[in-house]
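As stored in protein.cif (mmCIF, C-alpha atoms):
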```
data_target
loop_
_atom_site.label_atom_id
_atom_site.label_comp_id
_atom_site.auth_asym_id
_atom_site.auth_seq_id
_atom_site.Cartn_x
_atom_site.Cartn_y
_atom_site.Cartn_z
CA MET A 621 -116.63 -40.91 -60.77
CA LYS A 622 -115.62 -43.59 -58.33
CA ALA A 623 -117.59 -45.42 -55.66
CA LEU A 624 -116.01 -47.52 -52.91
CA VAL A 625 -118.35 -50.11 -51.44
CA VAL A 626 -117.43 -51.48 -48.01
CA GLY A 627 -118.96 -54.95 -47.75
CA GLY A 628 -119.56 -57.61 -50.39
CA GLY A 629 -122.92 -58.93 -49.24
CA ILE A 630 -126.25 -58.56 -51.00
CA GLY A 631 -126.69 -54.84 -50.38
CA GLY A 632 -123.11 -53.94 -51.19
CA LEU A 633 -123.02 -55.94 -54.40
CA ALA A 634 -126.37 -54.53 -55.49
CA ALA A 635 -125.08 -51.00 -54.94
CA ALA A 636 -121.91 -51.83 -56.87
CA VAL A 637 -123.96 -53.19 -59.78
CA ALA A 638 -126.23 -50.13 -59.77
CA PHE A 639 -123.30 -47.69 -59.93
CA HIS A 640 -121.38 -49.80 -62.44
CA GLN A 641 -124.40 -49.78 -64.76
CA ARG A 642 -124.38 -45.98 -64.56
CA GLY A 643 -120.77 -45.79 -65.71
CA TRP A 644 -119.05 -45.35 -62.36
CA GLN A 645 -115.73 -46.89 -61.47
CA VAL A 646 -116.49 -49.26 -58.61
CA GLU A 647 -114.47 -51.17 -56.01
CA VAL A 648 -115.95 -53.57 -53.49
CA LEU A 649 -113.87 -54.08 -50.33
CA GLU A 650 -114.79 -57.32 -48.57
CA ARG A 651 -112.99 -58.64 -45.48
CA ALA A 652 -113.69 -62.32 -46.26
CA SER A 653 -111.22 -64.10 -48.51
CA GLU A 654 -114.03 -65.01 -50.90
CA ILE A 655 -117.13 -63.07 -51.88
CA THR A 656 -119.87 -65.58 -51.23
CA GLU A 657 -122.63 -66.25 -48.68
CA ILE A 658 -122.84 -69.05 -46.14
CA GLY A 659 -126.50 -68.52 -45.27
CA ALA A 660 -129.45 -70.76 -46.08
CA GLY A 661 -132.61 -69.88 -47.97
CA LEU A 662 -133.80 -66.37 -48.70
CA SER A 663 -137.32 -65.22 -49.53
CA ILE A 664 -137.32 -62.39 -52.06
CA GLN A 665 -140.61 -60.60 -51.77
CA PRO A 666 -142.27 -58.43 -54.45
CA ASN A 667 -140.52 -55.21 -53.47
CA GLY A 668 -137.12 -56.93 -53.50
CA LEU A 669 -137.82 -58.40 -56.93
CA ARG A 670 -138.79 -54.96 -58.24
CA ALA A 671 -135.48 -53.62 -56.94
CA LEU A 672 -133.67 -56.42 -58.76
CA ASP A 673 -135.70 -55.60 -61.89
CA THR A 674 -134.09 -52.15 -61.96
CA LEU A 675 -130.74 -53.96 -62.28
CA GLY A 676 -132.07 -56.30 -64.98
CA LEU A 677 -131.68 -59.29 -62.64
CA GLY A 678 -135.20 -59.94 -61.35
CA ASP A 679 -136.11 -62.54 -63.94
CA LEU A 680 -132.97 -64.54 -63.17
CA VAL A 681 -134.23 -64.94 -59.62
CA ARG A 682 -137.85 -65.58 -60.62
CA THR A 683 -136.91 -68.25 -63.14
CA GLY A 684 -134.83 -70.23 -60.68
CA GLY A 685 -136.83 -69.72 -57.53
CA SER A 686 -140.53 -69.01 -58.04
CA ALA A 687 -142.42 -69.24 -54.74
CA ALA A 688 -145.76 -68.46 -53.14
CA PRO A 689 -146.48 -66.08 -50.24
CA LEU A 690 -146.82 -67.35 -46.69
CA ARG A 691 -149.94 -69.51 -46.44
CA GLY A 692 -150.44 -68.51 -42.85
CA ILE A 693 -149.61 -69.25 -39.24
CA ARG A 694 -150.49 -72.44 -37.34
CA GLY A 695 -150.41 -73.33 -33.69
CA VAL A 696 -148.26 -76.12 -32.27
CA ASN A 697 -151.17 -78.55 -32.65
CA GLY A 698 -151.63 -77.70 -36.34
CA ALA A 699 -154.72 -75.50 -36.02
CA TRP A 700 -154.68 -72.39 -38.21
CA LEU A 701 -154.23 -69.11 -36.34
CA ILE A 702 -154.08 -66.98 -39.49
CA ARG A 703 -154.78 -68.05 -43.08
CA ASN A 704 -153.70 -65.84 -45.96
CA ASP A 705 -155.34 -65.51 -49.35
CA ILE A 706 -152.16 -66.13 -51.33
CA GLU A 707 -153.82 -65.56 -54.72
CA GLU A 708 -155.01 -62.15 -53.56
CA LEU A 709 -151.56 -61.29 -52.21
CA GLU A 710 -149.95 -62.18 -55.54
CA ARG A 711 -152.61 -60.22 -57.44
CA ARG A 712 -152.03 -57.12 -55.33
CA PHE A 713 -148.27 -57.15 -54.98
CA GLY A 714 -146.68 -59.42 -57.60
CA SER A 715 -144.54 -62.52 -57.42
CA TRP A 716 -142.42 -64.03 -54.64
CA ALA A 717 -139.21 -66.04 -55.04
CA ILE A 718 -137.00 -68.18 -52.85
CA ILE A 719 -133.31 -68.64 -53.51
CA HIS A 720 -130.21 -69.71 -51.62
CA ARG A 721 -128.36 -66.66 -50.37
CA ALA A 722 -125.19 -67.82 -52.11
CA ALA A 723 -127.04 -68.06 -55.42
CA LEU A 724 -128.23 -64.45 -55.18
CA VAL A 725 -124.71 -63.31 -54.33
CA ASP A 726 -123.46 -65.21 -57.40
CA ILE A 727 -126.03 -63.45 -59.62
CA LEU A 728 -124.99 -60.03 -58.33
CA ARG A 729 -121.29 -60.81 -58.48
CA ALA A 730 -121.59 -62.02 -62.09
CA ALA A 731 -122.98 -58.60 -63.05
CA LEU A 732 -119.69 -56.95 -62.05
CA PRO A 733 -116.27 -57.06 -63.72
CA ALA A 734 -113.95 -59.30 -61.71
CA HIS A 735 -111.43 -56.50 -61.17
CA THR A 736 -113.95 -54.48 -59.14
CA LEU A 737 -113.96 -57.08 -56.35
CA ARG A 738 -111.30 -56.96 -53.64
CA PRO A 739 -111.87 -59.83 -51.21
CA GLY A 740 -109.55 -60.25 -48.25
CA THR A 741 -109.48 -56.49 -47.62
CA VAL A 742 -110.06 -55.53 -43.99
CA VAL A 743 -111.36 -51.98 -43.59
CA ARG A 744 -110.09 -50.25 -40.46
CA LYS A 745 -111.71 -46.82 -40.68
CA VAL A 746 -113.87 -44.71 -42.96
CA LEU A 747 -113.57 -40.92 -43.06
CA PRO A 748 -116.26 -38.43 -44.10
CA ASP A 749 -114.10 -37.08 -46.93
CA GLY A 750 -114.27 -40.40 -48.77
CA ALA A 751 -111.02 -41.94 -47.55
CA VAL A 752 -111.12 -45.60 -46.53
CA GLN A 753 -108.24 -46.97 -44.46
CA HIS A 754 -107.68 -50.70 -44.85
CA ASP A 755 -104.96 -53.26 -44.43
CA GLY A 756 -103.69 -52.55 -47.94
CA GLY A 757 -103.35 -48.80 -47.44
CA THR A 758 -105.84 -45.98 -48.04
CA SER A 759 -108.32 -45.69 -50.90
CA THR A 760 -110.34 -42.62 -51.84
CA ALA A 761 -113.52 -42.13 -53.80
CA ASP A 762 -116.20 -39.63 -54.73
CA LEU A 763 -118.67 -41.73 -52.73
CA VAL A 764 -118.30 -44.43 -50.09
CA VAL A 765 -121.14 -46.88 -49.51
CA GLY A 766 -121.06 -48.60 -46.13
CA ALA A 767 -122.75 -51.98 -46.58
CA ASP A 768 -120.78 -53.87 -43.96
CA GLY A 769 -123.51 -55.33 -41.79
CA VAL A 770 -124.86 -54.99 -38.28
CA HIS A 771 -121.38 -54.54 -36.77
CA SER A 772 -120.45 -51.99 -39.45
CA VAL A 773 -117.01 -50.40 -39.31
CA THR A 774 -118.40 -47.60 -41.48
CA ARG A 775 -121.19 -46.82 -39.03
CA ARG A 776 -118.83 -46.87 -36.04
CA SER A 777 -116.31 -44.66 -37.86
CA ILE A 778 -118.78 -41.99 -38.95
CA TRP A 779 -121.11 -42.11 -35.92
CA PRO A 780 -118.81 -43.24 -33.10
CA HIS A 781 -121.28 -42.27 -30.36
CA ALA A 782 -124.34 -43.93 -31.88
CA ALA A 783 -125.90 -46.80 -29.94
CA GLY A 784 -124.80 -50.25 -31.05
CA PRO A 785 -126.87 -53.35 -31.85
CA ARG A 786 -129.38 -54.46 -29.22
CA TYR A 787 -130.31 -58.08 -28.65
CA LEU A 788 -134.04 -58.76 -29.04
CA GLY A 789 -134.19 -61.69 -26.65
CA TYR A 790 -134.35 -64.56 -29.13
CA THR A 791 -131.94 -66.46 -31.29
CA THR A 792 -132.45 -67.73 -34.85
CA TRP A 793 -131.50 -71.04 -36.46
CA ARG A 794 -131.55 -71.58 -40.22
CA LEU A 795 -131.12 -74.78 -42.17
CA ILE A 796 -132.00 -76.52 -45.43
CA THR A 797 -133.28 -80.08 -45.24
CA ALA A 798 -133.22 -82.98 -47.66
CA PRO A 799 -135.98 -82.96 -50.33
CA ARG A 800 -139.44 -83.38 -48.86
CA THR A 801 -142.98 -82.52 -49.91
CA VAL A 802 -144.56 -79.78 -47.80
CA GLU A 803 -147.77 -77.81 -48.16
CA GLY A 804 -146.14 -74.49 -49.01
CA SER A 805 -144.72 -71.74 -46.84
CA VAL A 806 -146.03 -71.91 -43.28
CA GLU A 807 -145.02 -70.49 -39.90
CA ILE A 808 -145.91 -72.14 -36.58
CA TRP A 809 -146.09 -70.30 -33.27
CA GLY A 810 -145.54 -71.84 -29.87
CA LYS A 811 -144.72 -70.35 -26.48
CA GLY A 812 -141.61 -68.25 -26.88
CA GLU A 813 -140.59 -70.06 -30.06
CA ARG A 814 -141.61 -70.56 -33.67
CA PHE A 815 -140.79 -72.64 -36.71
CA GLY A 816 -141.16 -71.68 -40.36
CA TYR A 817 -140.60 -73.62 -43.55
CA MET A 818 -140.57 -72.86 -47.27
CA PRO A 819 -140.21 -75.32 -50.16
CA MET A 820 -137.29 -74.62 -52.48
CA PRO A 821 -137.43 -75.23 -56.25
CA ASP A 822 -135.16 -78.29 -56.06
CA GLY A 823 -137.40 -80.04 -53.50
CA ARG A 824 -135.36 -79.20 -50.44
CA VAL A 825 -136.98 -77.22 -47.64
CA TYR A 826 -135.65 -74.05 -46.08
CA CYS A 827 -136.44 -73.92 -42.35
CA TYR A 828 -136.00 -71.17 -39.80
CA LEU A 829 -136.49 -71.49 -36.06
CA MET A 830 -136.56 -68.78 -33.41
CA GLY A 831 -136.58 -69.21 -29.66
CA ASN A 832 -136.24 -67.09 -26.55
CA ALA A 833 -132.73 -67.55 -25.19
CA PRO A 834 -129.92 -65.63 -23.48
CA ALA A 835 -127.59 -63.85 -25.87
CA GLY A 836 -124.65 -66.01 -26.84
CA SER A 837 -126.26 -69.34 -25.96
CA ARG A 838 -125.81 -72.12 -28.50
CA THR A 839 -128.04 -75.12 -29.24
CA GLY A 840 -127.28 -77.96 -31.62
CA LEU A 841 -129.54 -80.03 -33.84
CA ASP A 842 -130.08 -82.83 -31.32
CA ARG A 843 -131.43 -80.39 -28.77
CA LEU A 844 -133.64 -78.72 -31.40
CA ARG A 845 -135.11 -82.12 -32.29
CA GLU A 846 -136.00 -82.65 -28.64
CA ARG A 847 -137.36 -79.13 -28.25
CA PHE A 848 -139.73 -79.40 -31.23
CA ALA A 849 -140.52 -83.15 -31.05
CA HIS A 850 -144.12 -82.58 -29.89
CA TRP A 851 -144.95 -80.10 -32.67
CA HIS A 852 -147.24 -81.21 -35.47
CA ASP A 853 -146.00 -82.66 -38.75
CA PRO A 854 -143.89 -81.91 -40.67
CA VAL A 855 -141.75 -80.20 -38.04
CA PRO A 856 -140.16 -83.29 -36.41
CA ALA A 857 -139.63 -84.93 -39.81
CA LEU A 858 -137.94 -81.84 -41.21
CA LEU A 859 -135.53 -81.67 -38.30
CA ASP A 860 -134.86 -85.40 -38.57
CA SER A 861 -133.85 -84.96 -42.21
CA ALA A 862 -131.43 -82.12 -41.48
CA ARG A 863 -127.69 -82.51 -41.01
CA PRO A 864 -125.97 -80.98 -37.94
CA GLU A 865 -123.43 -79.15 -40.08
CA ALA A 866 -126.26 -77.47 -42.03
CA VAL A 867 -127.60 -75.62 -38.97
CA LEU A 868 -126.65 -71.95 -38.68
CA GLN A 869 -127.41 -70.04 -35.48
CA HIS A 870 -127.30 -66.28 -35.05
CA ASP A 871 -128.59 -64.11 -32.25
CA THR A 872 -131.24 -61.63 -33.34
CA PHE A 873 -130.19 -57.98 -33.21
CA GLU A 874 -131.74 -54.67 -34.13
CA LEU A 875 -130.03 -51.32 -34.62
CA PRO A 876 -131.45 -48.23 -32.91
CA ASN A 877 -132.49 -45.44 -35.24
CA LEU A 878 -129.90 -43.03 -36.59
CA ARG A 879 -130.76 -39.39 -37.26
CA THR A 880 -129.18 -39.65 -40.71
CA TYR A 881 -127.72 -42.31 -43.01
CA ILE A 882 -125.28 -39.88 -44.66
CA ARG A 883 -122.34 -37.71 -43.76
CA GLY A 884 -119.90 -36.02 -46.12
CA LYS A 885 -119.29 -38.46 -48.98
CA ILE A 886 -120.57 -41.45 -46.99
CA ALA A 887 -123.88 -43.32 -47.15
CA ILE A 888 -124.75 -46.49 -45.26
CA LEU A 889 -127.32 -49.04 -46.30
CA GLY A 890 -128.76 -52.44 -45.41
CA ASP A 891 -127.94 -53.88 -42.00
CA ALA A 892 -125.27 -51.22 -41.45
CA ALA A 893 -128.03 -48.61 -41.40
CA HIS A 894 -131.10 -50.45 -40.13
CA ALA A 895 -130.52 -54.06 -39.05
CA MET A 896 -133.91 -55.52 -38.17
CA ALA A 897 -135.51 -58.66 -36.82
CA PRO A 898 -136.08 -61.20 -39.61
CA ASN A 899 -139.79 -61.44 -38.85
CA LEU A 900 -140.98 -59.94 -42.14
CA GLY A 901 -138.20 -61.38 -44.29
CA GLN A 902 -137.42 -57.81 -45.35
CA GLY A 903 -133.73 -57.46 -44.46
CA ALA A 904 -132.33 -58.29 -47.89
CA CYS A 905 -135.27 -56.64 -49.66
CA GLN A 906 -134.68 -53.35 -47.87
CA ALA A 907 -130.96 -53.52 -48.67
CA LEU A 908 -131.81 -54.00 -52.35
CA GLU A 909 -134.20 -51.04 -52.22
CA ASP A 910 -131.48 -48.94 -50.55
CA ALA A 911 -128.91 -49.82 -53.18
CA VAL A 912 -130.95 -48.96 -56.26
CA THR A 913 -132.46 -45.84 -54.65
CA LEU A 914 -129.01 -44.50 -53.71
CA ALA A 915 -127.57 -45.02 -57.19
CA ALA A 916 -130.60 -43.52 -58.91
CA ALA A 917 -130.63 -40.45 -56.65
CA VAL A 918 -126.91 -39.76 -57.05
CA ASP A 919 -127.10 -40.33 -60.81
CA ARG A 920 -130.00 -37.89 -61.15
CA LEU A 921 -128.94 -35.16 -58.70
CA GLY A 922 -125.19 -35.48 -58.19
CA VAL A 923 -123.40 -36.72 -55.09
CA ASP A 924 -124.32 -34.05 -52.54
CA ALA A 925 -127.99 -33.60 -53.45
CA GLY A 926 -128.34 -37.30 -54.25
CA LEU A 927 -127.17 -38.29 -50.78
CA GLN A 928 -129.65 -35.87 -49.24
CA GLU A 929 -132.44 -37.36 -51.35
CA TYR A 930 -131.42 -40.91 -50.43
CA ASP A 931 -131.57 -40.07 -46.73
CA ARG A 932 -134.88 -38.25 -47.10
CA VAL A 933 -136.51 -41.18 -48.87
CA ARG A 934 -134.93 -44.23 -47.28
CA ARG A 935 -134.51 -43.41 -43.61
CA PRO A 936 -138.21 -42.99 -42.70
CA ARG A 937 -139.20 -46.04 -44.71
CA THR A 938 -136.57 -48.41 -43.35
CA GLN A 939 -137.05 -47.27 -39.76
CA MET A 940 -140.77 -47.92 -40.15
CA ILE A 941 -140.02 -51.43 -41.45
CA VAL A 942 -137.69 -52.06 -38.49
CA GLN A 943 -140.49 -51.17 -36.09
CA LEU A 944 -143.07 -53.22 -38.00
CA SER A 945 -140.76 -56.23 -38.12
CA ARG A 946 -140.23 -56.10 -34.37
CA ARG A 947 -143.95 -55.87 -33.65
CA VAL A 948 -145.39 -58.37 -36.09
CA ALA A 949 -144.06 -61.50 -34.38
CA ALA A 950 -144.01 -60.29 -30.78
CA PRO A 951 -146.94 -62.58 -29.81
CA ALA A 952 -144.91 -65.62 -30.91
CA HIS A 953 -142.41 -64.87 -28.16
CA TRP A 954 -144.85 -64.47 -25.31
CA SER A 955 -143.76 -66.88 -22.58
CA SER A 956 -146.98 -66.91 -20.54
CA SER A 957 -149.23 -69.94 -21.02
CA LEU A 958 -152.29 -67.77 -20.42
CA ALA A 959 -151.19 -65.15 -22.96
CA THR A 960 -150.43 -67.73 -25.65
CA ALA A 961 -153.74 -69.51 -25.01
CA LEU A 962 -155.60 -66.20 -25.46
CA ARG A 963 -153.58 -65.53 -28.61
CA ASP A 964 -154.43 -68.93 -30.07
CA THR A 965 -158.11 -68.32 -29.33
CA ALA A 966 -158.27 -64.74 -30.61
CA PHE A 967 -156.16 -64.89 -33.76
CA PRO A 968 -158.52 -67.16 -35.75
CA LEU A 969 -161.26 -64.55 -35.16
CA LEU A 970 -159.29 -61.76 -36.84
CA PRO A 971 -160.21 -60.62 -40.39
CA SER A 972 -158.56 -62.74 -43.08
CA ALA A 973 -157.30 -59.60 -44.85
CA LEU A 974 -155.34 -58.44 -41.81
CA PHE A 975 -152.00 -59.83 -43.01
CA GLY A 976 -152.35 -58.16 -46.40
CA ARG A 977 -153.06 -54.81 -44.78
CA SER A 978 -150.15 -55.15 -42.37
CA VAL A 979 -147.58 -55.87 -45.09
CA THR A 980 -148.84 -53.34 -47.65
CA PRO A 981 -146.25 -50.71 -46.62
CA ALA A 982 -143.44 -53.19 -47.23
CA TYR A 983 -144.60 -54.87 -50.43
CA SER A 984 -145.94 -51.88 -52.35
CA TRP A 985 -142.59 -50.11 -52.88
CA THR A 986 -141.53 -48.86 -56.32
CA LEU A 987 -138.46 -46.86 -57.28
#
```

Is it possible to express this structure as C-alpha cells?
Amino acid sequence: MKALVVGGGIGGLAAAVAFHQRGWQVEVLERASEITEIGAGLSIQPNGLRALDTLGLGDLVRTGGSAAPLRGIRGVNGAWLIRNDIEELERRFGSWAIIHRAALVDILRAALPAHTLRPGTVVRKVLPDGAVQHDGGTSTADLVVGADGVHSVTRRSIWPHAAGPRYLGYTTWRLITAPRTVEGSVEIWGKGERFGYMPMPDGRVYCYLMGNAPAGSRTGLDRLRERFAHWHDPVPALLDSARPEAVLQHDTFELPNLRTYIRGKIAILGDAAHAMAPNLGQGACQALEDAVTLAAAVDRLGVDAGLQEYDRVRRPRTQMIVQLSRRVAAPAHWSSSLATALRDTAFPLLPSALFGRSVTPAYSWTL
C-alpha cells in the first residue's frame, strides 16, 4: 500500500511516519527545496505529546524541551487577570514541552527513510482517485494525505467551491530573544493587542505578539519596541534583546468549516482542514492528532472505512477546537477602553479553575 503526503510540515511528516511504521510505502511531496521549518518556538501540549508518543517520539521532545503550562494572564500594568494552578494542570493532563519548530521537523524527518522525501516538488492538482499532478509528472497512491497548509492545493482541488481562509482582524509576530531569565510562561493583554513569552530550555525566550491590524500590513521590530514600550517588565527588555531578522510576521487566518475532510482516496489534515487562530497553541497539536488517528483508522479498517472513521472522529473535534480558539482570546482584542477596563476588573474575580475547565476538551485527548 502506498500513501502520498502533500506537504512536509509537522502534520504531513507525522502522517508519513505513522504510515511508514505500519509498513506502507510513503512519499512526501514538499514544494520547498528543503524540508525544514523557519518558525520560532512551539508549545507542545499534553495531547500533542501523547500523539507523538504513539510514534515513539514523545520522549525525544520531552527530554529536550520540558516546559510548564501557562502561569496566567497579566494586564499591561503587571496585575494578574487570571492565575493558573500549573501543578494541578500538570497533574490532570500531563507534561508540556517547548521546542523550536525546526527541531520538531528534524525529529519527524529523522524517523523516515531519506528516499521517502521529495522536496522541491510543486503539486498542481489532486484528484479524488488518488492521482497527484505535480511539476515532475503524475503520481498515484492508494491514499493521498493533504497536509499542505491554510492555502492548501489539495483542499482547493477536491472542494473547489469551499470558502477560503478568512482574516480574523489581527496579525501575529513571533521571535526568539537572547537568553534571559523570565518567570515562566505568561501572556499579557492590552487593548487590541497582547504579548506572550515562554522560556526555552537553552535560556532563550520565545515571544509571540498579536495586534489588531489591517490584513497585509507589516510592522518591524523598531515599531514594535515603540508600541510595547510602556508595558511592564520584561516586555520592553525582551524586545530590546531581539534581532530584527528574527521577527516573523503572519496574518491570522481561520478556515470555515467543511462538511467532510475526505473524498475518494483523499484525506486532509492540519491547517489544510481546520486552520485556526493560534490562541490555544493547538494548531500543531491538532495536526499531530489528525495524523496518528488517520493512520490508525486506515490500518485497522482499510482505506475506505478508515477514511470514514477518521472524518467521523476528527471533524467534530477539530471544528470545536477552531471555535474555542477563536473565542478564548477575543477579549484581548477589544478596542474599547471601557470594555477593556471592565475586563481587567472582572477577570480577577473569576474562579481560578476556569482555565482548566476551558481547556479540558483540548488537553484530554487520547487515541

Please write as a CSV table (one decimal) with C-alpha atoms, keeping the file's coordinate frame the full residue list that the PyMOL selection byres ((chain A and resi 764) around 10) yields on this file.
```csv
chain,number,residue,atom,x,y,z
A,622,LYS,CA,-115.6,-43.6,-58.3
A,623,ALA,CA,-117.6,-45.4,-55.7
A,624,LEU,CA,-116.0,-47.5,-52.9
A,625,VAL,CA,-118.4,-50.1,-51.4
A,626,VAL,CA,-117.4,-51.5,-48.0
A,646,VAL,CA,-116.5,-49.3,-58.6
A,647,GLU,CA,-114.5,-51.2,-56.0
A,746,VAL,CA,-113.9,-44.7,-43.0
A,747,LEU,CA,-113.6,-40.9,-43.1
A,748,PRO,CA,-116.3,-38.4,-44.1
A,749,ASP,CA,-114.1,-37.1,-46.9
A,750,GLY,CA,-114.3,-40.4,-48.8
A,751,ALA,CA,-111.0,-41.9,-47.6
A,752,VAL,CA,-111.1,-45.6,-46.5
A,760,THR,CA,-110.3,-42.6,-51.8
A,761,ALA,CA,-113.5,-42.1,-53.8
A,762,ASP,CA,-116.2,-39.6,-54.7
A,763,LEU,CA,-118.7,-41.7,-52.7
A,765,VAL,CA,-121.1,-46.9,-49.5
A,766,GLY,CA,-121.1,-48.6,-46.1
A,767,ALA,CA,-122.8,-52.0,-46.6
A,774,THR,CA,-118.4,-47.6,-41.5
A,882,ILE,CA,-125.3,-39.9,-44.7
A,884,GLY,CA,-119.9,-36.0,-46.1
A,885,LYS,CA,-119.3,-38.5,-49.0
A,886,ILE,CA,-120.6,-41.4,-47.0
A,887,ALA,CA,-123.9,-43.3,-47.2
A,888,ILE,CA,-124.8,-46.5,-45.3
```

Closest of A:Val912, A:Val923, A:Phe713, A:Gly836 to Gly632 (chain A) - atom-to-atom distances counting only C-alpha atoms: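 That would be A:Val912, the residue with the smallest distance to Gly632 (chain A).
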
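CA of Ala904 (chain A) lies 22.3 Å from CA of Gly926 (chain A).
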
Determine the residue set returned by the PyMOL selection byres ((chain A and resi 929) around 12) for the present structure, and present it as a PyMOL selection string. chain A and resi 880-882+887+910+913-928+930-936

How would you write as a ChimeraX atom specification the residues that get within 12 Å of (-139.5, -64.3, -42.1) in the file's frame, counting only C-alpha atoms? /A:661-665,689-690,692-693,718,792-794,805-808,814-818,826-830,896-905,945-946,948-949

Hey, can you check how far CA of Ala734 (chain A) sits from CA of Gly631 (chain A)?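 Spanning CA of Ala734 (chain A) to CA of Gly631 (chain A) is a straight-line distance of 17.6 Å.
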